[in-house]
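S.K.: So here's work-v4.cif (mmCIF, C-alpha atoms).
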data_structure
#
loop_
_atom_site.label_atom_id
_atom_site.label_comp_id
_atom_site.auth_asym_id
_atom_site.auth_seq_id
_atom_site.Cartn_x
_atom_site.Cartn_y
_atom_site.Cartn_z
CA MET A 200 -87.66 18.30 94.10
CA GLY A 201 -90.93 20.14 94.60
CA THR A 202 -94.06 19.11 96.37
CA ARG A 203 -96.89 17.35 94.64
CA ARG A 204 -98.85 20.60 94.76
CA GLU A 205 -96.05 22.52 93.03
CA PHE A 206 -95.82 19.80 90.39
CA LEU A 207 -99.55 19.82 89.71
CA THR A 208 -99.63 23.60 89.58
CA ALA A 209 -96.67 23.75 87.23
CA GLY A 210 -98.09 20.92 85.14
CA GLY A 211 -101.48 22.58 85.07
CA LEU A 212 -99.91 25.81 83.86
CA ALA A 213 -97.92 23.95 81.26
CA LEU A 214 -101.06 22.23 80.03
CA ALA A 215 -102.98 25.50 80.08
CA SER A 216 -100.42 26.99 77.73
CA PHE A 217 -101.52 24.40 75.17
CA ALA A 218 -105.17 25.40 75.50
CA VAL A 219 -105.36 27.73 72.54
CA PRO A 220 -108.74 29.31 71.84
CA VAL A 221 -110.50 27.58 68.97
CA VAL A 222 -111.97 29.83 66.33
CA VAL A 223 -114.84 28.16 64.53
CA ARG A 224 -115.03 29.33 60.95
CA ALA A 225 -117.85 28.71 58.55
CA ALA A 226 -116.82 26.72 55.52
CA ARG A 227 -116.01 28.83 52.50
CA PRO A 228 -118.78 29.19 49.95
CA VAL A 229 -118.80 26.64 47.16
CA GLU A 230 -118.65 28.39 43.81
CA ILE A 231 -120.57 27.23 40.75
CA GLN A 232 -120.14 29.03 37.46
CA THR A 233 -122.82 29.54 34.84
CA ARG A 234 -121.11 28.82 31.52
CA SER A 235 -121.81 29.07 27.79
CA SER A 236 -119.78 28.21 24.74
CA PRO A 237 -118.68 31.26 22.70
CA ARG A 238 -121.64 31.03 20.30
CA GLY A 239 -124.07 29.94 23.02
CA GLU A 240 -124.89 26.51 21.59
CA GLU A 241 -123.77 24.80 24.83
CA VAL A 242 -124.73 25.92 28.34
CA TRP A 243 -123.89 24.35 31.70
CA PHE A 244 -123.17 24.77 35.40
CA ASP A 245 -119.57 24.12 36.44
CA PRO A 246 -119.40 22.02 38.52
CA ILE A 247 -122.69 20.25 37.81
CA GLY A 248 -122.68 18.34 41.11
CA VAL A 249 -121.32 19.19 44.56
CA ARG A 250 -121.54 17.82 48.09
CA ILE A 251 -121.54 20.30 50.96
CA GLU A 252 -122.22 20.38 54.68
CA PRO A 253 -125.45 21.75 56.20
CA GLY A 254 -125.15 25.51 56.69
CA GLN A 255 -122.70 25.98 53.84
CA THR A 256 -123.28 28.67 51.22
CA VAL A 257 -123.40 28.06 47.48
CA ARG A 258 -122.42 30.97 45.23
CA TRP A 259 -123.35 30.97 41.55
CA ILE A 260 -121.22 33.27 39.39
CA MET A 261 -122.05 34.43 35.87
CA ALA A 262 -118.87 33.42 34.08
CA SER A 263 -119.55 33.64 30.35
CA PRO A 264 -120.87 36.70 28.52
CA GLY A 265 -123.72 36.47 26.06
CA ASN A 266 -126.36 34.17 27.55
CA PRO A 267 -128.31 35.23 30.65
CA HIS A 268 -128.77 32.41 33.17
CA THR A 269 -130.70 31.69 36.36
CA THR A 270 -130.29 29.23 39.18
CA THR A 271 -133.77 28.06 40.11
CA ALA A 272 -134.72 25.32 42.57
CA TYR A 273 -137.06 22.59 41.36
CA HIS A 274 -140.10 23.51 43.45
CA PRO A 275 -143.82 24.10 42.74
CA ARG A 276 -143.41 27.74 43.85
CA ASN A 277 -141.10 28.18 40.85
CA ALA A 278 -143.61 28.06 37.97
CA ASN A 279 -145.11 24.72 39.10
CA HIS A 280 -141.92 22.73 38.61
CA SER A 281 -141.86 19.38 40.38
CA LEU A 282 -140.44 19.24 43.91
CA ARG A 283 -136.81 18.07 43.84
CA ILE A 284 -135.43 19.71 46.99
CA PRO A 285 -136.08 18.66 50.61
CA GLU A 286 -139.66 19.34 51.73
CA ALA A 287 -138.49 21.58 54.62
CA ALA A 288 -136.09 23.62 52.46
CA ALA A 289 -136.87 27.06 51.06
CA PRO A 290 -136.85 27.28 47.25
CA TRP A 291 -134.77 29.90 45.47
CA ASP A 292 -134.77 31.69 42.13
CA SER A 293 -131.91 34.04 41.34
CA GLY A 294 -133.62 35.95 38.59
CA PHE A 295 -131.47 36.59 35.53
CA LEU A 296 -127.71 36.78 35.95
CA VAL A 297 -126.66 38.84 32.95
CA GLU A 298 -123.24 40.41 33.32
CA PRO A 299 -120.02 38.46 33.90
CA GLY A 300 -119.36 38.58 37.63
CA ASP A 301 -123.04 38.71 38.66
CA ILE A 302 -123.49 36.59 41.79
CA PHE A 303 -126.33 34.81 43.57
CA GLU A 304 -125.91 33.02 46.90
CA VAL A 305 -128.01 30.69 49.01
CA THR A 306 -127.16 28.96 52.31
CA LEU A 307 -128.51 25.41 52.48
CA THR A 308 -129.26 24.11 55.97
CA VAL A 309 -131.62 21.16 55.43
CA GLU A 310 -129.94 17.85 54.59
CA GLY A 311 -130.87 16.17 51.32
CA VAL A 312 -130.58 16.42 47.56
CA TYR A 313 -131.25 19.75 45.83
CA ASP A 314 -131.86 19.79 42.08
CA TYR A 315 -131.90 23.11 40.25
CA PHE A 316 -132.01 24.44 36.69
CA CYS A 317 -131.46 27.47 34.50
CA LEU A 318 -134.87 28.81 33.51
CA PRO A 319 -134.11 29.67 29.85
CA HIS A 320 -131.89 26.59 29.34
CA GLU A 321 -133.57 23.77 31.27
CA ALA A 322 -134.67 21.98 28.08
CA ALA A 323 -131.03 22.10 26.90
CA GLY A 324 -130.01 20.20 30.03
CA MET A 325 -128.58 23.10 32.06
CA VAL A 326 -129.19 21.60 35.49
CA GLY A 327 -127.23 20.97 38.65
CA ARG A 328 -127.41 18.89 41.81
CA ILE A 329 -126.24 19.60 45.34
CA VAL A 330 -126.07 17.00 48.10
CA VAL A 331 -126.21 18.61 51.55
CA GLY A 332 -125.00 16.23 54.25
CA ARG A 333 -126.79 12.91 53.87
CA PRO A 334 -128.68 12.35 50.60
CA GLY A 335 -132.45 12.01 50.72
CA GLY A 336 -135.76 13.69 49.93
CA PRO A 337 -137.51 14.26 46.60
CA GLY A 338 -134.26 14.94 44.74
CA ALA A 339 -133.09 11.41 45.53
CA ARG A 340 -136.30 9.83 44.17
CA PRO A 341 -137.07 8.90 40.55
CA PHE A 342 -138.03 11.89 38.39
CA ASP A 343 -141.64 10.69 38.08
CA TYR A 344 -142.23 9.87 41.77
CA PHE A 345 -145.13 12.34 42.00
CA THR A 346 -147.21 11.27 38.98
CA GLY A 347 -150.73 10.02 39.61
CA ARG A 348 -151.26 12.09 42.77
CA ALA A 349 -154.14 14.57 42.73
CA ALA A 350 -152.19 17.25 44.62
CA THR A 351 -149.34 17.20 42.08
CA GLN A 352 -151.26 17.16 38.79
CA ALA A 353 -150.17 20.70 37.89
CA TRP A 354 -146.47 20.00 38.51
CA ILE A 355 -144.22 20.26 35.48
CA PRO A 356 -141.94 17.24 35.14
CA VAL A 357 -138.20 17.54 34.53
CA PRO A 358 -137.57 17.42 30.75
CA GLU A 359 -135.82 14.30 29.45
CA ALA A 360 -132.71 16.22 28.32
CA ALA A 361 -132.40 17.66 31.82
CA GLN A 362 -132.91 14.24 33.43
CA ALA A 363 -130.09 12.83 31.31
CA ALA A 364 -127.71 15.63 32.34
CA PHE A 365 -127.89 15.15 36.11
CA PRO A 366 -124.93 13.42 37.74
CA SER A 367 -125.91 10.54 40.01
CA VAL A 368 -126.24 11.14 43.73
CA ALA A 369 -123.77 8.27 44.29
CA SER A 370 -121.10 9.96 42.12
CA ILE A 371 -121.52 13.25 44.01
CA VAL A 372 -121.26 11.50 47.38
CA ALA A 373 -118.14 9.62 46.25
CA GLU A 374 -116.37 12.48 44.45
CA ARG A 375 -117.71 15.60 46.27
CA VAL A 376 -117.34 17.60 43.03
CA VAL A 377 -118.60 16.38 39.65
CA ARG A 378 -117.80 18.30 36.50
CA ARG A 379 -119.79 18.13 33.27
CA ARG A 380 -118.50 15.78 30.65
CA PRO A 381 -117.44 17.60 27.49
CA ARG A 382 -119.73 17.10 24.49
CA GLU A 383 -117.22 14.87 22.74
CA TRP A 384 -117.41 12.37 25.67
CA ARG A 385 -121.20 11.97 25.52
#
What's the structure tokens form of this structure?
M.R.:
Amino acid sequence: MGTRREFLTAGGLALASFAVPVVVRAARPVEIQTRSSPRGEEVWFDPIGVRIEPGQTVRWIMASPGNPHTTTAYHPRNANHSLRIPEAAAPWDSGFLVEPGDIFEVTLTVEGVYDYFCLPHEAAGMVGRIVVGRPGGPGARPFDYFTGRAATQAWIPVPEAAQAAFPSVASIVAERVVRRRPREWR
């Protein structure tokens, strides 16, 4: 039988062998496809709603040929659209994604709800919603929260067809990924 010191040393070495270095990896990007039906009469983001962690990257991928798409944050800096992303977040606009495989990425670090749209197809309801961490901010408020304020008179409201297309924040929080309902379900 060894001494207490030998036991502690041996035990310490045994425990040290379990101390494996931890490699912290960033979460993989969440991918959202821009989609169109073959003749272009239907357009959508797939998925339409996602929940991610702060610091995670979102990657939009042009998936269907034929219709160019954008991913554009609802923000006054984007053609005076109403603010529907967190106040401290930077707005984005991908420009046109034209060819299948075209990609646009953004890393979202500020917690809250981020609403975005496709510039040429917003009125057709091509919108999406991202919840980063805890929901909150302008994207969690009613669509008309800003009306009647002098500083927001020039803001363009979200069209009714787009409003109807958004998944609820509660469904995104509960499900983490929300896919668009096919036309026959609406």
S.K.: Counting all atoms listed in the file, which residue out of A:Ile247, A:Ile371, A:Ile260, A:Ala364 sits closest to Pro299 in chain A?
M.R.: A:Ile260
S.K.: May I ask for the distance between CA of Pro358 in chain A and CA of Gly248 in chain A, given in Å to one decimal place?
M.R.: 18.2 Å
S.K.: Looking at A:Ile355, A:Val326, A:Leu318, A:Val376, which one is nearest to Leu296 in chain A, with distances taken over all atoms listed in the file?
M.R.: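 The closest residue to Leu296 in chain A is A:Leu318.
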S.K.: Under the PyMOL selection byres ((chain A and resi 225-242) around 8), which residues of this model are included? Write them out as a PyMOL selection string.
M.R.: chain A and resi 223-224+243-247+251+255-266+268+320+323-325
S.K.: Given the choices A:Gly294, A:Pro275, A:Pro366, A:Gly347, which gets closest to Pro319 in chain A if the distance is worked out from only C-alpha atoms?
M.R.: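 Comparing A:Gly294, A:Pro275, A:Pro366, A:Gly347 against Pro319 in chain A, the winner is A:Gly294.
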S.K.: Around (-140.2, 24.9, 40.8) in the file's own coordinates, what residues are found within 10 Å if you use all atoms listed in the file, given back as a PyMOL selection string?
M.R.: chain A and resi 271-284+290-292+314-316+318+354-357
S.K.: Could you work out how far CA of Val377 in chain A lies from CA of Val331 in chain A, giving the answer in Å with one decimal?
M.R.: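 Computing it gives 14.3 Å between the two atoms.
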S.K.: For the structure shown, which residues end up in the PyMOL selection byres ((chain A and resi 288) around 9)? Put them as a ChimeraX atom specification, please?
M.R.: /A:284-287,289-290,307-310
S.K.: Do you have the CA of Glu304 in chain A-CA of Thr351 in chain A distance handy?
M.R.: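 Between CA of Glu304 in chain A and CA of Thr351 in chain A the gap works out to 28.7 Å.
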S.K.: Check the smallest atom-to-atom distance from each of A:Ala349, A:Ile302, A:Val312, A:Val297 to Phe365 in chain A using only C-alpha atoms, then report the winner.
M.R.: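 Once distances to Phe365 in chain A are computed over only C-alpha atoms, the minimum belongs to A:Val312.
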S.K.: For a quick check of understanding, using only C-alpha atoms, which of A:Ala361, A:Val305, A:Cys317, A:Val249 has the smallest distance to Thr269 in chain A?
M.R.: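 Comparing A:Ala361, A:Val305, A:Cys317, A:Val249 against Thr269 in chain A, the winner is A:Cys317.
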S.K.: Which residues, written as a ChimeraX atom specification, have at least one atom at most 8 Å from Gly311 in chain A, with all atoms listed in the file counted and residues fewer than 4 positions away on the same chain left out?
M.R.: /A:284-285,330-336,338-339
